[in-house]
Amino acid sequence: MEVEIAKDIGFCFGVRKAIESLEKVVDEYSEEEIYVTGELIHNKDAIKKYEESNVKFSQNIDEYNGIVVIRAHGISDEEREKIKSNPNVKKIIDTTCPYVLRVHYLTKKMVKEGYHIIIIGEKDHPETRGYYLNVKDNSTVIEPSVGIKELPKVKKVAVFAQTTMNYEKFKEIVKELVTEFDETRIFMTICTPVINRQKSVVELSKECDLMVVLGGYNSSNTKKLRDLCAKYTKAVHVERISQLNPEILKGKRKVGIAAGTSTPDWIIQEAYEFLKNYAPS
Ligand code: SF4
């Protein structure tokens, strides 16, 4: 079977840097409990491997007791202060991605300049929640899957995107917003690695009869990649290739592989080997 891997795939530099930092911490502080402010990689096997090395993935700041690693998609200022003032926390390693820090900086700056902040992102995603909590008295979250429901009664707005959102959806919502206020400032804050991944899966989807999208079932950017692929061809989202029902491969000429920014390389390679050698019975 013909198989092609999308040009831009797998770990982005932000997630890679966070993993490298965590591995360093695991080596250096083997006697300590290590806490990460949520799942670093959306893969059960990788999470299990870290858990066996004394790492706990938890958003419950009150239980932190040892070394804390702040993951790439960041936290709010209030949460950071709470971690700092926890007497049981011995050291904080902050791996917040520069793309996320930029949004925190800009949203606060625009509030000072009198703008109401509109964040297009998922309310429950830790990244969007972090932005919102920092400027909550002056901000509104629009969920891409829900669209525009109720808008604030203000004159000036500054619009931001969660770094992992679908760029076509962002354009759609922004188009609707610009006619609603006297002044609309738009900040393109979807990160470059995510845009490149989205563009490369669109290209590949147009050539394939099936796209297999690899990533955790709770990975927001993987779900978005799957939806994007599904606009152009048949698409299926699995965590590991072993979860793919082989029935779906019957009659397929070319299969493409895509993966979210938190999918380890070995999962991509494993899928490639399986599909390359797949012979329908
Ligand atoms: S997806 Fe983008 S913003 Fe998030 S960690 Fe990766 S590079 Fe940074």
# chains A, B, ... in the order shown; residues from 1 in each chain; ligands from 1
$ select_by_dssp --residues "segment 4-90 of chain A" --states "helix (DSSP H, G or I)" --output "MDAnalysis selection string"
chainID A and resid 13:28 44:51 61:63 77:84
$ residues_near_ligand --ligand "ligand 1" --cutoff "10 Å" --atoms "only C-alpha atoms and all ligand atoms" --output "MDAnalysis selection string"
chainID A and resid 10:18 40 71:74 95:103 127 162:165 189:195 197 221 260:262
$ write_last_selection --atoms "N, CA and C atoms" --output "short mmCIF file (atom, residue, chain, number, x, y, z; two decimals), in the first residue's frame"
data_model
loop_
_atom_site.label_atom_id
_atom_site.label_comp_id
_atom_site.auth_asym_id
_atom_site.auth_seq_id
_atom_site.Cartn_x
_atom_site.Cartn_y
_atom_site.Cartn_z
N GLY A 10 4.26 15.58 14.12
CA GLY A 10 4.78 15.21 15.44
C GLY A 10 5.14 16.38 16.34
N PHE A 11 6.01 16.10 17.31
CA PHE A 11 6.36 17.09 18.34
C PHE A 11 6.74 18.45 17.74
N CYS A 12 6.17 19.50 18.29
CA CYS A 12 6.62 20.85 17.94
C CYS A 12 7.81 21.16 18.85
N PHE A 13 8.50 22.27 18.59
CA PHE A 13 9.70 22.54 19.40
C PHE A 13 9.32 22.82 20.86
N GLY A 14 8.10 23.39 21.09
CA GLY A 14 7.69 23.70 22.47
C GLY A 14 7.52 22.45 23.30
N VAL A 15 6.86 21.44 22.72
CA VAL A 15 6.64 20.18 23.45
C VAL A 15 7.97 19.45 23.61
N ARG A 16 8.81 19.47 22.53
CA ARG A 16 10.11 18.79 22.60
C ARG A 16 10.96 19.38 23.75
N LYS A 17 10.95 20.72 23.84
CA LYS A 17 11.75 21.38 24.87
C LYS A 17 11.22 21.00 26.26
N ALA A 18 9.89 20.95 26.40
CA ALA A 18 9.30 20.60 27.70
C ALA A 18 9.68 19.17 28.10
N LEU A 40 1.90 16.14 29.69
CA LEU A 40 2.88 16.76 28.81
C LEU A 40 2.78 16.20 27.39
N ARG A 71 4.11 23.05 32.24
CA ARG A 71 4.18 22.52 30.88
C ARG A 71 4.06 23.63 29.82
N ALA A 72 4.27 23.23 28.55
CA ALA A 72 4.42 24.20 27.45
C ALA A 72 3.23 25.15 27.28
N HIS A 73 2.01 24.68 27.57
CA HIS A 73 0.87 25.57 27.33
C HIS A 73 0.52 26.47 28.52
N GLY A 74 1.43 26.47 29.51
CA GLY A 74 1.40 27.50 30.54
C GLY A 74 0.27 27.40 31.55
N THR A 95 8.46 25.63 31.55
CA THR A 95 8.72 25.34 30.13
C THR A 95 7.65 25.98 29.24
N THR A 96 6.98 27.02 29.75
CA THR A 96 5.94 27.67 28.93
C THR A 96 6.54 28.10 27.59
N CYS A 97 5.84 27.73 26.52
CA CYS A 97 6.32 28.01 25.17
C CYS A 97 6.34 29.52 24.88
N PRO A 98 7.34 30.02 24.16
CA PRO A 98 7.39 31.46 23.84
C PRO A 98 6.14 31.96 23.11
N TYR A 99 5.50 31.12 22.30
CA TYR A 99 4.28 31.55 21.60
C TYR A 99 3.17 31.83 22.60
N VAL A 100 3.12 31.05 23.68
CA VAL A 100 2.08 31.22 24.70
C VAL A 100 2.41 32.46 25.55
N LEU A 101 3.69 32.63 25.88
CA LEU A 101 4.09 33.80 26.66
C LEU A 101 3.75 35.10 25.91
N ARG A 102 3.90 35.05 24.59
CA ARG A 102 3.60 36.24 23.77
C ARG A 102 2.12 36.63 23.92
N VAL A 103 1.24 35.61 23.92
CA VAL A 103 -0.19 35.92 24.05
C VAL A 103 -0.49 36.50 25.44
N GLU A 127 -4.52 26.19 28.24
CA GLU A 127 -3.89 27.39 27.65
C GLU A 127 -4.89 28.56 27.63
N GLN A 162 -6.33 30.68 20.49
CA GLN A 162 -5.55 29.63 21.16
C GLN A 162 -4.50 29.18 20.13
N THR A 163 -3.27 28.92 20.57
CA THR A 163 -2.18 28.67 19.61
C THR A 163 -2.41 27.45 18.71
N THR A 164 -3.27 26.54 19.16
CA THR A 164 -3.46 25.29 18.40
C THR A 164 -4.74 25.26 17.58
N MET A 165 -5.39 26.41 17.43
CA MET A 165 -6.71 26.32 16.77
C MET A 165 -6.61 26.22 15.25
N THR A 189 -2.35 34.55 16.53
CA THR A 189 -1.55 33.88 17.57
C THR A 189 -1.59 32.36 17.47
N ILE A 190 -2.09 31.85 16.34
CA ILE A 190 -1.94 30.39 16.13
C ILE A 190 -0.45 30.22 15.83
N CYS A 191 0.20 29.23 16.45
CA CYS A 191 1.65 29.18 16.32
C CYS A 191 2.08 28.60 14.97
N THR A 192 3.29 28.97 14.55
CA THR A 192 3.78 28.54 13.23
C THR A 192 3.82 27.02 13.08
N PRO A 193 4.34 26.25 14.07
CA PRO A 193 4.34 24.80 13.87
C PRO A 193 2.93 24.23 13.64
N VAL A 194 1.94 24.79 14.32
CA VAL A 194 0.55 24.29 14.15
C VAL A 194 0.03 24.65 12.76
N ILE A 195 0.29 25.87 12.30
CA ILE A 195 -0.16 26.27 10.96
C ILE A 195 0.51 25.38 9.91
N ARG A 197 1.64 22.39 10.23
CA ARG A 197 1.06 21.04 10.27
C ARG A 197 -0.30 21.02 9.58
N ASN A 221 -5.23 19.57 19.45
CA ASN A 221 -4.74 19.86 18.09
C ASN A 221 -4.84 18.64 17.18
N GLY A 260 -0.55 14.86 15.85
CA GLY A 260 -0.59 16.08 16.65
C GLY A 260 0.80 16.45 17.19
N THR A 261 0.88 17.65 17.76
CA THR A 261 2.19 18.16 18.21
C THR A 261 2.70 17.46 19.46
N SER A 262 1.87 16.60 20.08
CA SER A 262 2.35 15.89 21.27
C SER A 262 2.39 14.39 21.03
#
$ closest_residue --among "A:Ser21, A:Gln269, A:Ser145, A:Asn134" --to "Glu78 of chain A" --atoms "only C-alpha atoms"
A:Asn134
$ select_by_dssp --residues "segment 6-109 of chain A" --states "strand (DSSP E)" --output "list in words"
Ile34, Tyr35, Val36, Val55, Lys56, Phe57, Gly66, Ile67, Val68, Val69, Ile70, Val89, Lys90, Lys91, Ile92, Ile93 and Asp94 of chain A
$ write_last_selection --atoms "C-alpha atoms" --output "compact mmCIF listing (two decimals), in the first residue's frame"
# COMPACT_ATOMS: atom_id res chain seq x y z
CA ILE A 34 8.10 15.60 40.46
CA TYR A 35 4.84 17.29 39.48
CA VAL A 36 3.85 18.42 35.98
CA VAL A 55 6.42 11.94 37.99
CA LYS A 56 2.84 12.97 38.70
CA PHE A 57 0.72 14.79 36.12
CA GLY A 66 8.78 18.63 45.50
CA ILE A 67 9.80 19.82 42.02
CA VAL A 68 7.21 21.39 39.70
CA VAL A 69 7.44 21.50 35.91
CA ILE A 70 5.09 23.99 34.23
CA VAL A 89 7.56 23.29 46.36
CA LYS A 90 11.36 23.15 46.22
CA LYS A 91 11.96 24.23 42.63
CA ILE A 92 9.92 25.37 39.61
CA ILE A 93 10.98 24.60 36.04
CA ASP A 94 8.93 26.74 33.69
$ residues_around --residues "segment 114-125 of chain A" --least-positions-apart "4" --cutoff "10 Å" --atoms "only C-alpha atoms" --output "ChimeraX atom specification"
/A:73,103,106-110,129-132,135-148,151-166,169-170,173-174,177,183-186,219-220
$ write_last_selection --atoms "C-alpha atoms" --output "mmCIF file, in the first residue's frame"
data_model
loop_
_atom_site.group_PDB
_atom_site.id
_atom_site.type_symbol
_atom_site.label_atom_id
_atom_site.label_comp_id
_atom_site.auth_asym_id
_atom_site.auth_seq_id
_atom_site.Cartn_x
_atom_site.Cartn_y
_atom_site.Cartn_z
ATOM 1 C CA HIS A 73 0.868 25.566 27.335
ATOM 2 C CA VAL A 103 -0.195 35.921 24.054
ATOM 3 C CA LEU A 106 -0.149 41.004 24.510
ATOM 4 C CA THR A 107 -3.512 40.350 26.176
ATOM 5 C CA LYS A 108 -2.390 42.192 29.335
ATOM 6 C CA LYS A 109 -0.944 45.038 27.257
ATOM 7 C CA MET A 110 -4.152 45.461 25.250
ATOM 8 C CA ARG A 129 -8.051 29.139 30.664
ATOM 9 C CA GLY A 130 -4.667 30.684 31.563
ATOM 10 C CA TYR A 131 -5.197 33.669 29.216
ATOM 11 C CA TYR A 132 -8.757 34.150 30.402
ATOM 12 C CA VAL A 135 -7.628 39.243 32.219
ATOM 13 C CA LYS A 136 -10.982 37.787 33.227
ATOM 14 C CA ASP A 137 -12.765 41.072 34.028
ATOM 15 C CA ASN A 138 -12.045 42.268 30.510
ATOM 16 C CA SER A 139 -12.359 39.189 28.393
ATOM 17 C CA THR A 140 -14.702 36.873 26.536
ATOM 18 C CA VAL A 141 -13.968 33.374 25.248
ATOM 19 C CA ILE A 142 -15.542 32.234 21.988
ATOM 20 C CA GLU A 143 -15.469 28.472 21.552
ATOM 21 C CA PRO A 144 -14.779 27.576 17.889
ATOM 22 C CA SER A 145 -17.227 24.659 17.999
ATOM 23 C CA VAL A 146 -20.028 26.887 19.336
ATOM 24 C CA GLY A 147 -19.287 30.102 17.408
ATOM 25 C CA ILE A 148 -20.412 33.620 18.318
ATOM 26 C CA LEU A 151 -20.841 39.599 22.444
ATOM 27 C CA PRO A 152 -19.679 42.146 25.023
ATOM 28 C CA LYS A 153 -21.166 45.640 24.752
ATOM 29 C CA VAL A 154 -17.868 47.426 24.165
ATOM 30 C CA LYS A 155 -16.399 49.599 21.411
ATOM 31 C CA LYS A 156 -12.836 48.276 21.129
ATOM 32 C CA VAL A 157 -11.784 44.640 21.065
ATOM 33 C CA ALA A 158 -8.496 42.777 20.613
ATOM 34 C CA VAL A 159 -8.888 39.256 19.221
ATOM 35 C CA PHE A 160 -6.545 36.336 19.958
ATOM 36 C CA ALA A 161 -6.522 32.631 19.085
ATOM 37 C CA GLN A 162 -5.550 29.627 21.159
ATOM 38 C CA THR A 163 -2.181 28.672 19.605
ATOM 39 C CA THR A 164 -3.457 25.294 18.399
ATOM 40 C CA MET A 165 -6.712 26.319 16.771
ATOM 41 C CA ASN A 166 -7.772 25.607 13.199
ATOM 42 C CA LYS A 169 -12.092 28.498 11.677
ATOM 43 C CA PHE A 170 -10.175 31.478 13.100
ATOM 44 C CA ILE A 173 -14.958 33.869 13.241
ATOM 45 C CA VAL A 174 -12.756 36.944 12.762
ATOM 46 C CA LEU A 177 -16.394 39.859 14.461
ATOM 47 C CA GLU A 183 -12.472 48.966 16.428
ATOM 48 C CA THR A 184 -11.167 45.398 16.130
ATOM 49 C CA ARG A 185 -7.468 44.564 16.540
ATOM 50 C CA ILE A 186 -6.614 41.059 15.351
ATOM 51 C CA SER A 219 -5.364 16.110 22.305
ATOM 52 C CA SER A 220 -7.089 19.217 21.023
#
$ residues_around --residues "segment 29-31 of chain A" --least-positions-apart "4" --cutoff "9 Å" --atoms "only C-alpha atoms" --output "list in words"
Lys24, Val25, Ser53, Asn54 and Ile67 of chain A
$ closest_atom_pairs --of "segment 174-220 of chain A" --to "segment 224-243 of chain A" --cutoff "12 Å" --atoms "only C-alpha atoms" --output "Markdown table"
| residue | atom | partner | partner_atom | distance |
| --- | --- | --- | --- | --- |
| A:Val194 | CA | A:Leu225 | CA | 9.4 |
| A:Ile195 | CA | A:Leu225 | CA | 10.4 |
| A:Asn196 | CA | A:Leu225 | CA | 11.3 |
| A:Arg197 | CA | A:Leu225 | CA | 8.1 |
| A:Gln198 | CA | A:Leu225 | CA | 6.4 |
| A:Lys199 | CA | A:Leu228 | CA | 9.4 |
| A:Ser200 | CA | A:Cys229 | CA | 10.1 |
| A:Val201 | CA | A:Cys229 | CA | 6.5 |
| A:Val202 | CA | A:Cys229 | CA | 6.1 |
| A:Glu203 | CA | A:Cys229 | CA | 9.2 |
| A:Leu204 | CA | A:Cys229 | CA | 8.6 |
| A:Ser205 | CA | A:Cys229 | CA | 5.7 |
| A:Lys206 | CA | A:Tyr232 | CA | 5.8 |
| A:Glu207 | CA | A:Thr233 | CA | 8.7 |
| A:Cys208 | CA | A:Thr233 | CA | 7.0 |
| A:Asp209 | CA | A:Thr233 | CA | 6.0 |
| A:Leu210 | CA | A:Lys234 | CA | 4.9 |
| A:Met211 | CA | A:Ala235 | CA | 4.6 |
| A:Val212 | CA | A:Val236 | CA | 5.2 |
| A:Val213 | CA | A:His237 | CA | 4.7 |
| A:Leu214 | CA | A:Val238 | CA | 5.3 |
| A:Gly215 | CA | A:Glu239 | CA | 4.8 |
| A:Gly216 | CA | A:Glu239 | CA | 5.1 |
| A:Tyr217 | CA | A:Glu239 | CA | 6.6 |
| A:Asn218 | CA | A:Glu239 | CA | 9.7 |
| A:Ser219 | CA | A:Lys224 | CA | 8.9 |
| A:Ser220 | CA | A:Lys224 | CA | 6.4 |
$ closest_residue --among "A:Glu113, A:Leu275, A:Pro126, A:Asp77" --to "Glu39 of chain A" --atoms "only C-alpha atoms"
A:Pro126
$ closest_residue --among "A:Ile5, A:Lys149, A:Lys252, A:Ser76" --to "Leu133 of chain A" --atoms "only C-alpha atoms"
A:Ser76
$ atom_distance --atom1 "atom CA of Gly256 of chain A" --atom2 "atom CA of Met188 of chain A"
28.5 Å
$ atom_distance --atom1 "atom CA of Ile257 of chain A" --atom2 "atom CA of Asp8 of chain A"
10.4 Å
$ atom_distance --atom1 "atom CA of Ser58 of chain A" --atom2 "atom CA of Thr37 of chain A"
5.4 Å
$ decode --residues "segment 155-186 of chain A" --atoms "N, CA and C atoms" --output "PDB file, in the first residue's frame"
ATOM      1  N   LYS A 155     -16.703  48.989  22.717  1.00  0.00           N
ATOM      2  CA  LYS A 155     -16.399  49.599  21.411  1.00  0.00           C
ATOM      3  C   LYS A 155     -15.133  49.019  20.779  1.00  0.00           C
ATOM      4  N   LYS A 156     -14.142  48.711  21.669  1.00  0.00           N
ATOM      5  CA  LYS A 156     -12.836  48.276  21.129  1.00  0.00           C
ATOM      6  C   LYS A 156     -12.506  46.857  21.596  1.00  0.00           C
ATOM      7  N   VAL A 157     -12.176  45.994  20.651  1.00  0.00           N
ATOM      8  CA  VAL A 157     -11.784  44.640  21.065  1.00  0.00           C
ATOM      9  C   VAL A 157     -10.437  44.249  20.437  1.00  0.00           C
ATOM     10  N   ALA A 158      -9.718  43.372  21.149  1.00  0.00           N
ATOM     11  CA  ALA A 158      -8.496  42.777  20.613  1.00  0.00           C
ATOM     12  C   ALA A 158      -8.739  41.275  20.579  1.00  0.00           C
ATOM     13  N   VAL A 159      -8.527  40.675  19.410  1.00  0.00           N
ATOM     14  CA  VAL A 159      -8.888  39.256  19.221  1.00  0.00           C
ATOM     15  C   VAL A 159      -7.634  38.377  19.149  1.00  0.00           C
ATOM     16  N   PHE A 160      -7.671  37.276  19.889  1.00  0.00           N
ATOM     17  CA  PHE A 160      -6.545  36.336  19.958  1.00  0.00           C
ATOM     18  C   PHE A 160      -7.063  34.922  19.712  1.00  0.00           C
ATOM     19  N   ALA A 161      -6.147  34.038  19.275  1.00  0.00           N
ATOM     20  CA  ALA A 161      -6.522  32.631  19.085  1.00  0.00           C
ATOM     21  C   ALA A 161      -5.711  31.760  20.022  1.00  0.00           C
ATOM     22  N   GLN A 162      -6.325  30.680  20.485  1.00  0.00           N
ATOM     23  CA  GLN A 162      -5.550  29.627  21.159  1.00  0.00           C
ATOM     24  C   GLN A 162      -4.499  29.177  20.128  1.00  0.00           C
ATOM     25  N   THR A 163      -3.273  28.921  20.567  1.00  0.00           N
ATOM     26  CA  THR A 163      -2.181  28.672  19.605  1.00  0.00           C
ATOM     27  C   THR A 163      -2.412  27.454  18.715  1.00  0.00           C
ATOM     28  N   THR A 164      -3.274  26.537  19.157  1.00  0.00           N
ATOM     29  CA  THR A 164      -3.457  25.294  18.399  1.00  0.00           C
ATOM     30  C   THR A 164      -4.741  25.265  17.575  1.00  0.00           C
ATOM     31  N   MET A 165      -5.394  26.409  17.435  1.00  0.00           N
ATOM     32  CA  MET A 165      -6.712  26.319  16.771  1.00  0.00           C
ATOM     33  C   MET A 165      -6.607  26.216  15.248  1.00  0.00           C
ATOM     34  N   ASN A 166      -7.677  25.764  14.649  1.00  0.00           N
ATOM     35  CA  ASN A 166      -7.772  25.607  13.199  1.00  0.00           C
ATOM     36  C   ASN A 166      -7.781  26.997  12.553  1.00  0.00           C
ATOM     37  N   TYR A 167      -6.834  27.253  11.630  1.00  0.00           N
ATOM     38  CA  TYR A 167      -6.721  28.620  11.096  1.00  0.00           C
ATOM     39  C   TYR A 167      -7.894  29.002  10.198  1.00  0.00           C
ATOM     40  N   GLU A 168      -8.531  28.013   9.580  1.00  0.00           N
ATOM     41  CA  GLU A 168      -9.689  28.347   8.734  1.00  0.00           C
ATOM     42  C   GLU A 168     -10.864  28.808   9.600  1.00  0.00           C
ATOM     43  N   LYS A 169     -11.024  28.142  10.742  1.00  0.00           N
ATOM     44  CA  LYS A 169     -12.092  28.498  11.677  1.00  0.00           C
ATOM     45  C   LYS A 169     -11.818  29.893  12.270  1.00  0.00           C
ATOM     46  N   PHE A 170     -10.551  30.166  12.556  1.00  0.00           N
ATOM     47  CA  PHE A 170     -10.175  31.478  13.100  1.00  0.00           C
ATOM     48  C   PHE A 170     -10.576  32.571  12.094  1.00  0.00           C
ATOM     49  N   LYS A 171     -10.243  32.363  10.811  1.00  0.00           N
ATOM     50  CA  LYS A 171     -10.565  33.366   9.780  1.00  0.00           C
ATOM     51  C   LYS A 171     -12.077  33.587   9.717  1.00  0.00           C
ATOM     52  N   GLU A 172     -12.825  32.476   9.785  1.00  0.00           N
ATOM     53  CA  GLU A 172     -14.295  32.537   9.715  1.00  0.00           C
ATOM     54  C   GLU A 172     -14.871  33.399  10.849  1.00  0.00           C
ATOM     55  N   ILE A 173     -14.407  33.141  12.077  1.00  0.00           N
ATOM     56  CA  ILE A 173     -14.958  33.869  13.241  1.00  0.00           C
ATOM     57  C   ILE A 173     -14.528  35.334  13.206  1.00  0.00           C
ATOM     58  N   VAL A 174     -13.256  35.567  12.820  1.00  0.00           N
ATOM     59  CA  VAL A 174     -12.756  36.944  12.762  1.00  0.00           C
ATOM     60  C   VAL A 174     -13.578  37.765  11.752  1.00  0.00           C
ATOM     61  N   LYS A 175     -13.910  37.151  10.632  1.00  0.00           N
ATOM     62  CA  LYS A 175     -14.705  37.822   9.585  1.00  0.00           C
ATOM     63  C   LYS A 175     -16.033  38.317  10.152  1.00  0.00           C
ATOM     64  N   GLU A 176     -16.640  37.487  10.998  1.00  0.00           N
ATOM     65  CA  GLU A 176     -17.928  37.865  11.610  1.00  0.00           C
ATOM     66  C   GLU A 176     -17.747  38.962  12.649  1.00  0.00           C
ATOM     67  N   LEU A 177     -16.601  38.908  13.356  1.00  0.00           N
ATOM     68  CA  LEU A 177     -16.394  39.859  14.461  1.00  0.00           C
ATOM     69  C   LEU A 177     -16.155  41.287  13.984  1.00  0.00           C
ATOM     70  N   VAL A 178     -15.451  41.434  12.843  1.00  0.00           N
ATOM     71  CA  VAL A 178     -15.017  42.780  12.458  1.00  0.00           C
ATOM     72  C   VAL A 178     -16.153  43.773  12.209  1.00  0.00           C
ATOM     73  N   THR A 179     -17.338  43.271  11.953  1.00  0.00           N
ATOM     74  CA  THR A 179     -18.440  44.208  11.707  1.00  0.00           C
ATOM     75  C   THR A 179     -19.204  44.547  12.994  1.00  0.00           C
ATOM     76  N   GLU A 180     -18.786  43.991  14.108  1.00  0.00           N
ATOM     77  CA  GLU A 180     -19.564  44.129  15.352  1.00  0.00           C
ATOM     78  C   GLU A 180     -19.088  45.256  16.272  1.00  0.00           C
ATOM     79  N   PHE A 181     -17.888  45.775  16.043  1.00  0.00           N
ATOM     80  CA  PHE A 181     -17.329  46.772  16.977  1.00  0.00           C
ATOM     81  C   PHE A 181     -16.778  47.978  16.199  1.00  0.00           C
ATOM     82  N   ASP A 182     -16.597  49.111  16.932  1.00  0.00           N
ATOM     83  CA  ASP A 182     -16.011  50.292  16.273  1.00  0.00           C
ATOM     84  C   ASP A 182     -14.571  50.009  15.859  1.00  0.00           C
ATOM     85  N   GLU A 183     -13.875  49.253  16.726  1.00  0.00           N
ATOM     86  CA  GLU A 183     -12.472  48.966  16.428  1.00  0.00           C
ATOM     87  C   GLU A 183     -12.157  47.515  16.797  1.00  0.00           C
ATOM     88  N   THR A 184     -11.536  46.797  15.871  1.00  0.00           N
ATOM     89  CA  THR A 184     -11.167  45.398  16.130  1.00  0.00           C
ATOM     90  C   THR A 184      -9.694  45.219  15.787  1.00  0.00           C
ATOM     91  N   ARG A 185      -8.892  44.864  16.799  1.00  0.00           N
ATOM     92  CA  ARG A 185      -7.468  44.564  16.540  1.00  0.00           C
ATOM     93  C   ARG A 185      -7.347  43.045  16.518  1.00  0.00           C
ATOM     94  N   ILE A 186      -6.718  42.527  15.462  1.00  0.00           N
ATOM     95  CA  ILE A 186      -6.614  41.059  15.351  1.00  0.00           C
ATOM     96  C   ILE A 186      -5.163  40.639  15.500  1.00  0.00           C
TER      97      ILE A 186
END
